[in-house]
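> Got a file for you: entry30.csv, CSV, C-alpha atoms.
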chain,number,residue,atom,x,y,z
Q,495,MET,CA,4.0,24.5,20.4
Q,496,LYS,CA,4.8,20.9,19.7
Q,497,ILE,CA,4.3,20.1,16.0
Q,498,LEU,CA,4.4,16.6,14.5
Q,499,TYR,CA,4.6,15.5,10.9
Q,500,PHE,CA,3.9,12.0,9.6
Q,501,ALA,CA,4.5,10.0,6.4
Q,502,TRP,CA,5.5,12.1,3.3
Q,503,LEU,CA,5.1,15.3,5.3
Q,504,ARG,CA,7.8,14.1,7.6
Q,505,GLN,CA,10.0,13.2,4.7
Q,506,LYS,CA,9.5,16.6,2.9
Q,507,ILE,CA,10.1,18.6,6.1
Q,508,GLY,CA,13.0,16.4,7.2
Q,509,PHE,CA,12.0,15.5,10.7
Q,510,GLY,CA,8.9,14.2,12.6
Q,511,GLU,CA,8.7,16.5,15.5
Q,512,GLU,CA,9.7,20.0,16.7
Q,513,ILE,CA,8.9,22.6,19.3
Q,514,LYS,CA,8.3,26.0,17.9
Q,515,ASP,CA,7.7,29.5,19.3
Q,516,ILE,CA,4.7,30.7,17.4
Q,517,PRO,CA,3.9,34.4,16.9
Q,518,SER,CA,0.8,35.6,18.7
Q,519,HIS,CA,-1.2,36.3,15.4
Q,520,VAL,CA,-1.0,32.6,14.6
Q,521,THR,CA,-4.3,31.5,16.2
Q,522,THR,CA,-5.7,28.9,13.8
Q,523,VAL,CA,-4.4,25.8,12.0
Q,524,LYS,CA,-4.6,27.7,8.7
Q,525,LEU,CA,-2.5,30.6,10.0
Q,526,LEU,CA,0.0,28.1,11.3
Q,527,ILE,CA,0.4,26.5,7.9
Q,528,GLU,CA,0.8,29.9,6.3
Q,529,TRP,CA,3.4,30.9,8.8
Q,530,LEU,CA,5.3,27.5,8.5
Q,531,LYS,CA,5.3,28.0,4.7
Q,532,ILE,CA,7.4,31.1,5.0
Q,533,GLN,CA,10.0,29.5,7.3
Q,534,ASP,CA,13.2,28.0,6.0
Q,535,GLY,CA,13.2,24.4,5.1
Q,536,GLY,CA,10.9,22.0,3.4
Q,537,TYR,CA,7.6,23.5,4.7
Q,538,SER,CA,6.5,25.3,1.5
Q,539,GLU,CA,7.0,22.0,-0.4
Q,540,ALA,CA,5.2,19.9,2.2
Q,541,PHE,CA,2.2,22.2,2.5
Q,542,LYS,CA,1.9,23.0,-1.2
Q,543,ASP,CA,-1.4,21.2,-1.5
Q,544,ILE,CA,-3.3,21.4,1.8
Q,545,SER,CA,-6.3,19.5,0.4
Q,546,ALA,CA,-4.1,16.4,0.8
Q,547,ILE,CA,-3.4,17.1,4.5
Q,548,LYS,CA,-5.2,16.2,7.7
Q,549,VAL,CA,-4.7,17.8,11.0
Q,550,ALA,CA,-5.1,16.7,14.6
Q,551,ILE,CA,-4.9,18.9,17.7
Q,552,ASN,CA,-4.0,17.2,21.0
Q,553,GLN,CA,-4.7,13.9,19.2
Q,554,GLU,CA,-8.2,14.7,18.1
Q,555,PHE,CA,-9.1,15.3,14.5
Q,556,ALA,CA,-9.5,19.0,13.7
Q,557,ASN,CA,-9.8,21.3,10.7
Q,558,PHE,CA,-8.0,24.3,9.3
Q,559,ASP,CA,-10.2,26.7,11.1
Q,560,THR,CA,-9.7,25.2,14.5
Q,561,LYS,CA,-8.2,27.5,17.1
Q,562,ILE,CA,-4.7,26.6,18.4
Q,563,ASN,CA,-2.7,27.8,21.4
Q,564,LYS,CA,1.0,27.5,22.4
Q,565,ASN,CA,0.6,24.4,24.6
Q,566,ASP,CA,-1.2,22.4,21.9
Q,567,GLU,CA,0.2,19.3,20.2
Q,568,VAL,CA,-0.5,19.9,16.5
Q,569,ALA,CA,0.0,17.0,14.0
Q,570,PHE,CA,-0.1,17.1,10.2
Q,571,PHE,CA,-0.4,14.0,8.1
Q,572,PRO,CA,-1.8,12.6,4.8
Q,573,PRO,CA,-5.1,10.7,4.7
Q,574,VAL,CA,-4.6,7.5,6.7
Q,575,THR,CA,-3.9,4.1,5.0
Q,576,GLY,CA,-3.9,1.5,7.7
Q,577,GLY,CA,-5.7,-1.8,7.9
U,1315,MET,CA,-12.0,-5.4,25.2
U,1316,THR,CA,-8.4,-4.9,24.0
U,1317,VAL,CA,-6.6,-2.6,21.6
U,1318,ARG,CA,-2.9,-3.3,20.8
U,1319,VAL,CA,-0.5,-1.5,18.4
U,1320,GLN,CA,2.6,-3.6,18.2
U,1321,GLN,CA,5.6,-4.5,16.0
U,1322,LYS,CA,5.6,-8.2,16.6
U,1323,ASP,CA,3.4,-10.7,14.9
U,1324,PHE,CA,0.3,-12.3,16.6
U,1325,ASN,CA,-1.0,-15.9,16.7
U,1326,LEU,CA,-4.5,-15.8,15.3
U,1327,GLY,CA,-5.6,-19.0,17.0
U,1328,ASP,CA,-4.2,-18.0,20.4
U,1329,GLU,CA,-5.8,-14.5,20.2
U,1330,LEU,CA,-9.3,-15.9,19.4
U,1331,LYS,CA,-9.1,-18.5,22.1
U,1332,THR,CA,-8.2,-15.9,24.7
U,1333,LEU,CA,-11.0,-13.6,23.5
U,1334,HIS,CA,-13.8,-16.0,24.3
U,1335,LYS,CA,-12.1,-18.1,27.0
U,1336,GLY,CA,-14.4,-18.6,30.0
U,1337,ASN,CA,-17.3,-16.6,28.6
U,1338,HIS,CA,-20.0,-19.1,27.7
U,1339,ALA,CA,-22.5,-16.3,26.7
U,1340,ILE,CA,-20.5,-16.0,23.5
U,1341,GLY,CA,-22.2,-17.8,20.6
U,1342,GLY,CA,-19.9,-16.7,17.8
U,1343,VAL,CA,-16.6,-14.9,17.1
U,1344,CYS,CA,-16.0,-13.1,13.9
U,1345,ALA,CA,-12.4,-12.3,12.9
U,1346,PHE,CA,-10.9,-10.3,10.1
U,1347,THR,CA,-7.1,-10.6,9.4
U,1348,GLY,CA,-5.5,-8.1,7.0
U,1349,LEU,CA,-2.3,-9.2,5.2
U,1350,VAL,CA,0.4,-7.5,3.3
U,1351,ARG,CA,-0.4,-7.9,-0.3
U,1352,ASP,CA,1.5,-6.9,-3.4
U,1353,MET,CA,-0.4,-3.8,-4.5
U,1354,SER,CA,2.2,-2.5,-7.0
U,1355,HIS,CA,1.3,-2.4,-10.7
U,1356,ASN,CA,4.9,-2.2,-11.9
U,1357,GLY,CA,6.8,-5.0,-10.2
U,1358,GLU,CA,6.7,-6.8,-7.0
U,1359,ILE,CA,7.0,-5.0,-3.7
U,1360,SER,CA,9.5,-6.5,-1.3
U,1361,THR,CA,8.3,-4.9,1.9
U,1362,MET,CA,5.7,-2.6,3.4
U,1363,THR,CA,6.5,-0.3,6.3
U,1364,LEU,CA,3.8,1.0,8.5
U,1365,GLU,CA,4.1,4.2,10.5
U,1366,TYR,CA,1.6,5.4,13.2
U,1367,TYR,CA,1.0,8.2,15.6
U,1368,PRO,CA,1.6,6.8,19.1
U,1369,SER,CA,-1.1,7.5,21.6
U,1370,MET,CA,-3.5,9.1,19.0
U,1371,THR,CA,-3.7,5.8,17.1
U,1372,GLU,CA,-4.6,3.8,20.3
U,1373,LYS,CA,-7.1,6.5,21.3
U,1374,ILE,CA,-8.9,6.4,17.9
U,1375,LEU,CA,-9.0,2.6,17.9
U,1376,GLN,CA,-10.5,2.7,21.4
U,1377,LYS,CA,-13.1,5.2,20.2
U,1378,ILE,CA,-14.1,3.0,17.2
U,1379,LYS,CA,-14.4,0.0,19.4
U,1380,ALA,CA,-16.5,1.9,21.9
U,1381,GLN,CA,-18.8,2.9,19.1
U,1382,ALA,CA,-19.2,-0.7,18.0
U,1383,GLN,CA,-20.0,-1.7,21.5
U,1384,GLN,CA,-22.7,0.9,21.7
U,1385,ARG,CA,-24.2,-0.2,18.5
U,1386,TRP,CA,-24.1,-4.0,19.0
U,1387,SER,CA,-24.3,-6.1,22.0
U,1388,LEU,CA,-20.7,-7.5,22.2
U,1389,GLU,CA,-19.3,-9.8,24.8
U,1390,ALA,CA,-15.7,-9.2,23.7
U,1391,SER,CA,-13.7,-7.5,21.0
U,1392,LEU,CA,-10.1,-7.2,20.0
U,1393,ILE,CA,-8.1,-4.9,17.7
U,1394,ILE,CA,-4.4,-5.7,17.0
U,1395,HIS,CA,-2.6,-3.5,14.4
U,1396,ARG,CA,1.1,-3.9,13.6
U,1397,TYR,CA,3.6,-1.3,12.6
U,1398,GLY,CA,7.2,-1.4,11.2
U,1399,LYS,CA,8.6,-3.3,8.3
U,1400,LEU,CA,6.5,-6.2,7.0
U,1401,ASN,CA,7.0,-8.7,4.2
U,1402,ALA,CA,4.3,-9.7,1.7
U,1403,GLY,CA,2.0,-12.3,3.2
U,1404,GLU,CA,2.5,-11.1,6.8
U,1405,GLN,CA,-0.4,-10.3,9.1
U,1406,ILE,CA,-1.0,-6.5,9.5
U,1407,VAL,CA,-4.2,-6.3,11.4
U,1408,LEU,CA,-6.7,-8.4,13.4
U,1409,VAL,CA,-10.2,-7.3,14.3
U,1410,ALA,CA,-12.3,-9.8,16.3
U,1411,THR,CA,-15.7,-9.4,17.8
U,1412,ALA,CA,-17.7,-11.9,19.9
U,1413,SER,CA,-21.4,-11.9,20.6
U,1414,HIS,CA,-24.4,-14.1,21.4
U,1415,ASN,CA,-25.2,-14.4,17.8
U,1416,ARG,CA,-23.5,-14.1,14.4
U,1417,ASP,CA,-25.2,-10.9,13.1
U,1418,ALA,CA,-23.7,-8.7,15.8
U,1419,ALA,CA,-20.3,-10.3,15.4
U,1420,PHE,CA,-20.2,-10.1,11.6
U,1421,GLU,CA,-21.6,-6.5,11.4
U,1422,SER,CA,-19.5,-5.0,14.2
U,1423,CYS,CA,-16.3,-6.6,12.8
U,1424,GLN,CA,-16.9,-5.0,9.5
U,1425,PHE,CA,-17.8,-1.7,11.1
U,1426,ILE,CA,-14.6,-1.6,13.1
U,1427,MET,CA,-12.5,-2.4,10.0
U,1428,ASP,CA,-14.3,0.2,7.9
U,1429,PHE,CA,-13.6,3.0,10.4
U,1430,LEU,CA,-10.1,1.8,11.1
U,1431,LYS,CA,-9.3,2.1,7.4
U,1432,THR,CA,-10.4,5.7,7.3
U,1433,LYS,CA,-9.8,7.1,10.8
U,1434,ALA,CA,-6.9,5.3,12.5
U,1435,PRO,CA,-3.6,7.2,12.0
U,1436,PHE,CA,-1.5,4.6,10.1
U,1437,TRP,CA,0.4,5.2,6.9
U,1438,LYS,CA,1.9,2.6,4.6
U,1439,ILE,CA,4.9,2.9,2.4
U,1440,GLU,CA,5.8,0.2,-0.1
U,1441,THR,CA,9.4,-0.7,-1.1
U,1442,ASP,CA,9.9,-2.6,-4.4
U,1443,LEU,CA,12.7,-5.0,-5.2
U,1444,ASN,CA,14.8,-2.2,-6.6
U,1445,GLY,CA,14.5,-0.2,-3.3
U,1446,ASN,CA,12.1,2.4,-4.8
U,1447,GLN,CA,9.6,3.6,-2.2
U,1448,GLN,CA,6.0,4.8,-2.6
U,1449,TRP,CA,3.5,6.0,-0.1
U,1450,VAL,CA,0.2,4.2,-0.4
U,1451,GLU,CA,-2.6,6.6,-1.3
U,1452,ALA,CA,-5.9,6.6,0.6
U,1453,LYS,CA,-8.9,5.4,-1.5
U,1454,ASN,CA,-12.0,7.5,-1.6
U,1455,CYS,CA,-14.2,4.4,-1.8
U,1456,ASP,CA,-13.1,3.6,1.8
U,1457,ASN,CA,-14.5,6.9,2.9
U,1458,ILE,CA,-17.8,6.2,1.2
U,1459,ILE,CA,-18.0,2.7,2.8
U,1460,ALA,CA,-17.4,4.2,6.3
U,1461,SER,CA,-19.9,7.0,5.8
U,1462,ASN,CA,-22.6,4.4,4.8
U,1463,TRP,CA,-22.7,3.2,8.4
U,1464,THR,CA,-23.7,6.7,9.5
U,1465,LYS,CA,-26.4,7.0,6.9
U,1466,ASN,CA,-28.0,3.7,7.8
U,1467,ASN,CA,-28.1,4.6,11.4
As structure tokens - that is how I would like this structure written.

Amino acid sequence: MKILYFAWLRQKIGFGEEIKDIPSHVTTVKLLIEWLKIQDGGYSEAFKDISAIKVAINQEFANFDTKINKNDEVAFFPPVTGG
Amino acid sequence: MTVRVQQKDFNLGDELKTLHKGNHAIGGVCAFTGLVRDMSHNGEISTMTLEYYPSMTEKILQKIKAQAQQRWSLEASLIIHRYGKLNAGEQIVLVATASHNRDAAFESCQFIMDFLKTKAPFWKIETDLNGNQQWVEAKNCDNIIASNWTKNN
């Protein structure tokens, strides 16, 4: 699965993009976050407050209950501040 | 009907001329230009850096523009958004809409900006003169403004 991180999530995790083999029980965004949080690295700090985080799957806005599969591109980022 | 995400600056006059050139059905063009402003409360910012999500950002901008075109009768429209490191006073964004009459141009321009602020994947980080960096936080009032368009529909 391709996972992208933007803005302060990228800074806390330490990189903006990775390819990860996800265990088969990780079937939703929420379960992906729970799984990432127990991996080594900055994940637990980055995902401490998930109310401050948005998610997109294959470049479409999604939510934490959205189903995911191994070929998806999942992106995590804070609320947007363009314009 | 163009969407561009680019690092380089744009020439406002040239962009607007190109937008309506040759189309004499256009009676008015409305343009909004966003600039880098010093938003810090404890000292001047020296730069602002914009990050975006290549391909999703363009997709979202196209979608917002398509919604505006559905809602108003537009002859032409343009969204340019910059990324990278910008200094105070520099142009960040241009939204321009062209229509037969001013109402459609004014309203659709505001609609596009309001949705761009809340939906387009861009993030700003400010750097002050001492090199301290701070991510700009999203404002809830922007969400309320954008949702008002849906309510009024």
> Residues of chain Q within 6 Å of chain U, using all atoms listed in the file, as a PyMOL selection string?
chain Q and resi 553+573-577
> Which polymer residues have any atom within 12 Å of an atom of Asn565 (chain Q), counting all atoms listed in the file, with same-chain residues fewer than 6 positions away left out, as an MDAnalysis selection string?
chainID Q and resid 495:497 513:516 551:552
> Neighbours of Pro572 (chain Q) within 6 Å (only C-alpha atoms; same-chain residues fewer than 3 positions away dropped), as a ChimeraX atom specification?
/Q:546-548
> To one decimal place, how far is CA of Asn1415 (chain U) from CA of Asn1337 (chain U) in Å?
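Computed distance, CA of Asn1415 (chain U) to CA of Asn1337 (chain U), equals 13.6 Å.
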> Using only C-alpha atoms, which protein or nucleic acid residues come within 10 Å of Pro517 (chain Q)? Drop anything in the same chain fewer than 2 positions from it, and give the result as a ChimeraX atom specification.
/Q:514-515,519-521,526,529,564
> Determine the nearest neighbour of Trp502 (chain Q) from the options Q:Ala550, Q:Ala540, Q:Ala569, Q:Ala556, counting only C-alpha atoms.
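Looking at the shortest contact to Trp502 (chain Q), the residue is Q:Ala540.
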> Which value, in Å to one decimal, gives the distance between CA of Lys1335 (chain U) and CA of Glu1372 (chain U)?
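These atoms are spaced 24.1 Å apart.
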> With only C-alpha atoms as the basis for distance, which of U:Asn1325, U:Thr1316, U:Thr1361, U:Ser1413 is at the shortest distance from His1338 (chain U)?
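Once distances to His1338 (chain U) are computed over only C-alpha atoms, the minimum belongs to U:Ser1413.
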> What does the distance from CA of Lys561 (chain Q) to CA of Thr522 (chain Q) come to in Å, to one decimal?
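Computed distance, CA of Lys561 (chain Q) to CA of Thr522 (chain Q), equals 4.4 Å.
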> Considering all atoms listed in the file, return as a list in words whatever protein or nucleic-acid residues lie within 9 Å of His1414 (chain U), sequence-local ones (same chain, fewer than 3 positions apart) excluded.
Ala1339, Ile1340, Gly1341, Gly1342, Val1343, Ser1387, Leu1388, Glu1389, Asp1417, Ala1418 and Ala1419 of chain U
> Please check which residues have atoms at most 10 Å from (6.6, -8.0, 17.0) in the file's coordinates, counting only C-alpha atoms, and write them as a ChimeraX atom specification.
/U:1319-1324,1396-1398
> Choose the residue, out of U:Trp1463, U:Phe1346, U:Phe1420, U:Phe1425, that has the smallest atom-to-atom separation from Lys1379 (chain U); count all atoms listed in the file.
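Under the stated criterion, the closest residue is U:Phe1425.
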> Which residue out of Q:Val549, Q:Ile544, Q:Ile532, Q:Ala501 has the minimum interatomic distance to Ile562 (chain Q) when all atoms listed in the file are used?
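The closest residue to Ile562 (chain Q) is Q:Val549.
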> Neighbouring residues of Leu530 (chain Q) were defined as those with any atom within 9 Å, considering only C-alpha atoms; residues of the same chain fewer than 6 positions away were excluded. Please report them as a ChimeraX atom specification.
/Q:537-538,541
> Pick from U:Asn1401, U:Gln1384, U:Thr1411, U:Ser1360: nearest to Ala1345 (chain U), with only C-alpha atoms counted?
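Ranking U:Asn1401, U:Gln1384, U:Thr1411, U:Ser1360 by distance to Ala1345 (chain U), first place goes to U:Thr1411.
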> Under the rule that all atoms listed in the file are counted, which of Q:Ser518, Q:Leu503, Q:Asn557, Q:Phe509 is the nearest residue to Asp543 (chain Q)?
Q:Leu503
> Save region 505-547 of chain Q to a file: N, CA and C atoms, as a PDB file, in the first residue's frame.

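Done, and the output landed in result-v2.pdb:
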ATOM      1  N   GLN Q 505       6.418  15.804   8.777  1.00  0.00           N
ATOM      2  CA  GLN Q 505       7.549  16.158   9.650  1.00  0.00           C
ATOM      3  C   GLN Q 505       7.666  15.212  10.839  1.00  0.00           C
ATOM      4  N   LYS Q 506       6.504  14.880  11.443  1.00  0.00           N
ATOM      5  CA  LYS Q 506       6.544  14.014  12.632  1.00  0.00           C
ATOM      6  C   LYS Q 506       6.953  12.590  12.276  1.00  0.00           C
ATOM      7  N   ILE Q 507       6.517  12.132  11.101  1.00  0.00           N
ATOM      8  CA  ILE Q 507       6.846  10.760  10.696  1.00  0.00           C
ATOM      9  C   ILE Q 507       8.264  10.696  10.113  1.00  0.00           C
ATOM     10  N   GLY Q 508       8.679  11.784   9.487  1.00  0.00           N
ATOM     11  CA  GLY Q 508      10.067  11.856   9.013  1.00  0.00           C
ATOM     12  C   GLY Q 508      10.227  11.699   7.513  1.00  0.00           C
ATOM     13  N   PHE Q 509       9.141  11.335   6.825  1.00  0.00           N
ATOM     14  CA  PHE Q 509       9.187  11.227   5.356  1.00  0.00           C
ATOM     15  C   PHE Q 509       7.764  11.396   4.823  1.00  0.00           C
ATOM     16  N   GLY Q 510       7.674  11.615   3.512  1.00  0.00           N
ATOM     17  CA  GLY Q 510       6.385  11.944   2.926  1.00  0.00           C
ATOM     18  C   GLY Q 510       5.674  10.797   2.233  1.00  0.00           C
ATOM     19  N   GLU Q 511       6.410   9.698   2.039  1.00  0.00           N
ATOM     20  CA  GLU Q 511       5.819   8.641   1.223  1.00  0.00           C
ATOM     21  C   GLU Q 511       6.476   7.304   1.550  1.00  0.00           C
ATOM     22  N   GLU Q 512       5.683   6.247   1.587  1.00  0.00           N
ATOM     23  CA  GLU Q 512       6.256   4.914   1.795  1.00  0.00           C
ATOM     24  C   GLU Q 512       5.329   3.859   1.200  1.00  0.00           C
ATOM     25  N   ILE Q 513       5.917   2.711   0.913  1.00  0.00           N
ATOM     26  CA  ILE Q 513       5.143   1.551   0.482  1.00  0.00           C
ATOM     27  C   ILE Q 513       5.201   0.552   1.632  1.00  0.00           C
ATOM     28  N   LYS Q 514       4.031   0.116   2.084  1.00  0.00           N
ATOM     29  CA  LYS Q 514       4.014  -0.784   3.236  1.00  0.00           C
ATOM     30  C   LYS Q 514       3.186  -2.035   2.941  1.00  0.00           C
ATOM     31  N   ASP Q 515       3.658  -3.179   3.451  1.00  0.00           N
ATOM     32  CA  ASP Q 515       2.850  -4.401   3.414  1.00  0.00           C
ATOM     33  C   ASP Q 515       1.937  -4.378   4.629  1.00  0.00           C
ATOM     34  N   ILE Q 516       0.654  -4.377   4.359  1.00  0.00           N
ATOM     35  CA  ILE Q 516      -0.326  -4.213   5.427  1.00  0.00           C
ATOM     36  C   ILE Q 516      -0.918  -5.578   5.769  1.00  0.00           C
ATOM     37  N   PRO Q 517      -1.013  -5.931   7.049  1.00  0.00           N
ATOM     38  CA  PRO Q 517      -1.633  -7.220   7.398  1.00  0.00           C
ATOM     39  C   PRO Q 517      -3.100  -7.283   6.955  1.00  0.00           C
ATOM     40  N   SER Q 518      -3.588  -8.490   6.740  1.00  0.00           N
ATOM     41  CA  SER Q 518      -4.912  -8.645   6.124  1.00  0.00           C
ATOM     42  C   SER Q 518      -6.055  -8.136   6.999  1.00  0.00           C
ATOM     43  N   HIS Q 519      -5.844  -8.060   8.332  1.00  0.00           N
ATOM     44  CA  HIS Q 519      -6.939  -7.566   9.192  1.00  0.00           C
ATOM     45  C   HIS Q 519      -7.111  -6.050   9.108  1.00  0.00           C
ATOM     46  N   VAL Q 520      -6.148  -5.371   8.472  1.00  0.00           N
ATOM     47  CA  VAL Q 520      -6.230  -3.904   8.356  1.00  0.00           C
ATOM     48  C   VAL Q 520      -7.089  -3.554   7.134  1.00  0.00           C
ATOM     49  N   THR Q 521      -8.382  -3.393   7.371  1.00  0.00           N
ATOM     50  CA  THR Q 521      -9.324  -3.256   6.254  1.00  0.00           C
ATOM     51  C   THR Q 521      -9.962  -1.873   6.158  1.00  0.00           C
ATOM     52  N   THR Q 522      -9.743  -1.029   7.183  1.00  0.00           N
ATOM     53  CA  THR Q 522     -10.298   0.326   7.127  1.00  0.00           C
ATOM     54  C   THR Q 522      -9.199   1.337   7.473  1.00  0.00           C
ATOM     55  N   VAL Q 523      -9.491   2.612   7.207  1.00  0.00           N
ATOM     56  CA  VAL Q 523      -8.546   3.682   7.530  1.00  0.00           C
ATOM     57  C   VAL Q 523      -8.240   3.664   9.022  1.00  0.00           C
ATOM     58  N   LYS Q 524      -9.285   3.499   9.829  1.00  0.00           N
ATOM     59  CA  LYS Q 524      -9.113   3.511  11.277  1.00  0.00           C
ATOM     60  C   LYS Q 524      -8.161   2.396  11.734  1.00  0.00           C
ATOM     61  N   LEU Q 525      -8.345   1.210  11.174  1.00  0.00           N
ATOM     62  CA  LEU Q 525      -7.471   0.087  11.535  1.00  0.00           C
ATOM     63  C   LEU Q 525      -6.040   0.317  11.047  1.00  0.00           C
ATOM     64  N   LEU Q 526      -5.910   1.006   9.904  1.00  0.00           N
ATOM     65  CA  LEU Q 526      -4.574   1.339   9.400  1.00  0.00           C
ATOM     66  C   LEU Q 526      -3.856   2.276  10.379  1.00  0.00           C
ATOM     67  N   ILE Q 527      -4.590   3.269  10.867  1.00  0.00           N
ATOM     68  CA  ILE Q 527      -3.983   4.202  11.826  1.00  0.00           C
ATOM     69  C   ILE Q 527      -3.567   3.454  13.099  1.00  0.00           C
ATOM     70  N   GLU Q 528      -4.460   2.605  13.598  1.00  0.00           N
ATOM     71  CA  GLU Q 528      -4.140   1.827  14.810  1.00  0.00           C
ATOM     72  C   GLU Q 528      -2.887   0.980  14.595  1.00  0.00           C
ATOM     73  N   TRP Q 529      -2.791   0.378  13.421  1.00  0.00           N
ATOM     74  CA  TRP Q 529      -1.637  -0.470  13.104  1.00  0.00           C
ATOM     75  C   TRP Q 529      -0.355   0.363  12.973  1.00  0.00           C
ATOM     76  N   LEU Q 530      -0.454   1.517  12.276  1.00  0.00           N
ATOM     77  CA  LEU Q 530       0.722   2.387  12.118  1.00  0.00           C
ATOM     78  C   LEU Q 530       1.239   2.852  13.481  1.00  0.00           C
ATOM     79  N   LYS Q 531       0.298   3.130  14.388  1.00  0.00           N
ATOM     80  CA  LYS Q 531       0.680   3.674  15.698  1.00  0.00           C
ATOM     81  C   LYS Q 531       1.547   2.709  16.513  1.00  0.00           C
ATOM     82  N   ILE Q 532       1.445   1.417  16.228  1.00  0.00           N
ATOM     83  CA  ILE Q 532       2.289   0.473  16.982  1.00  0.00           C
ATOM     84  C   ILE Q 532       3.580   0.117  16.233  1.00  0.00           C
ATOM     85  N   GLN Q 533       3.792   0.764  15.072  1.00  0.00           N
ATOM     86  CA  GLN Q 533       5.053   0.551  14.352  1.00  0.00           C
ATOM     87  C   GLN Q 533       6.115   1.494  14.931  1.00  0.00           C
ATOM     88  N   ASP Q 534       7.383   1.125  14.712  1.00  0.00           N
ATOM     89  CA  ASP Q 534       8.478   1.991  15.163  1.00  0.00           C
ATOM     90  C   ASP Q 534       8.467   3.289  14.368  1.00  0.00           C
ATOM     91  N   GLY Q 535       8.913   4.345  15.002  1.00  0.00           N
ATOM     92  CA  GLY Q 535       9.021   5.617  14.304  1.00  0.00           C
ATOM     93  C   GLY Q 535       8.098   6.661  14.897  1.00  0.00           C
ATOM     94  N   GLY Q 536       7.830   7.684  14.119  1.00  0.00           N
ATOM     95  CA  GLY Q 536       7.060   8.819  14.638  1.00  0.00           C
ATOM     96  C   GLY Q 536       5.556   8.675  14.532  1.00  0.00           C
ATOM     97  N   TYR Q 537       5.065   7.491  14.179  1.00  0.00           N
ATOM     98  CA  TYR Q 537       3.626   7.326  13.907  1.00  0.00           C
ATOM     99  C   TYR Q 537       2.737   7.638  15.116  1.00  0.00           C
ATOM    100  N   SER Q 538       3.126   7.130  16.292  1.00  0.00           N
ATOM    101  CA  SER Q 538       2.242   7.305  17.452  1.00  0.00           C
ATOM    102  C   SER Q 538       2.103   8.788  17.791  1.00  0.00           C
ATOM    103  N   GLU Q 539       3.193   9.525  17.620  1.00  0.00           N
ATOM    104  CA  GLU Q 539       3.158  10.974  17.861  1.00  0.00           C
ATOM    105  C   GLU Q 539       2.315  11.677  16.766  1.00  0.00           C
ATOM    106  N   ALA Q 540       2.516  11.277  15.524  1.00  0.00           N
ATOM    107  CA  ALA Q 540       1.799  11.921  14.411  1.00  0.00           C
ATOM    108  C   ALA Q 540       0.288  11.679  14.490  1.00  0.00           C
ATOM    109  N   PHE Q 541      -0.100  10.477  14.938  1.00  0.00           N
ATOM    110  CA  PHE Q 541      -1.524  10.128  14.950  1.00  0.00           C
ATOM    111  C   PHE Q 541      -2.144  10.239  16.349  1.00  0.00           C
ATOM    112  N   LYS Q 542      -1.506  11.017  17.214  1.00  0.00           N
ATOM    113  CA  LYS Q 542      -1.987  11.146  18.591  1.00  0.00           C
ATOM    114  C   LYS Q 542      -3.416  11.695  18.631  1.00  0.00           C
ATOM    115  N   ASP Q 543      -3.665  12.746  17.847  1.00  0.00           N
ATOM    116  CA  ASP Q 543      -5.005  13.359  17.843  1.00  0.00           C
ATOM    117  C   ASP Q 543      -5.583  13.219  16.434  1.00  0.00           C
ATOM    118  N   ILE Q 544      -6.367  12.167  16.225  1.00  0.00           N
ATOM    119  CA  ILE Q 544      -6.833  11.932  14.851  1.00  0.00           C
ATOM    120  C   ILE Q 544      -7.974  12.880  14.447  1.00  0.00           C
ATOM    121  N   SER Q 545      -8.516  13.612  15.423  1.00  0.00           N
ATOM    122  CA  SER Q 545      -9.555  14.591  15.053  1.00  0.00           C
ATOM    123  C   SER Q 545      -8.940  15.720  14.213  1.00  0.00           C
ATOM    124  N   ALA Q 546      -7.607  15.857  14.276  1.00  0.00           N
ATOM    125  CA  ALA Q 546      -6.933  16.922  13.522  1.00  0.00           C
ATOM    126  C   ALA Q 546      -6.423  16.425  12.172  1.00  0.00           C
ATOM    127  N   ILE Q 547      -6.850  15.206  11.776  1.00  0.00           N
ATOM    128  CA  ILE Q 547      -6.285  14.600  10.572  1.00  0.00           C
ATOM    129  C   ILE Q 547      -7.367  14.276   9.543  1.00  0.00           C
TER     130      ILE Q 547
END
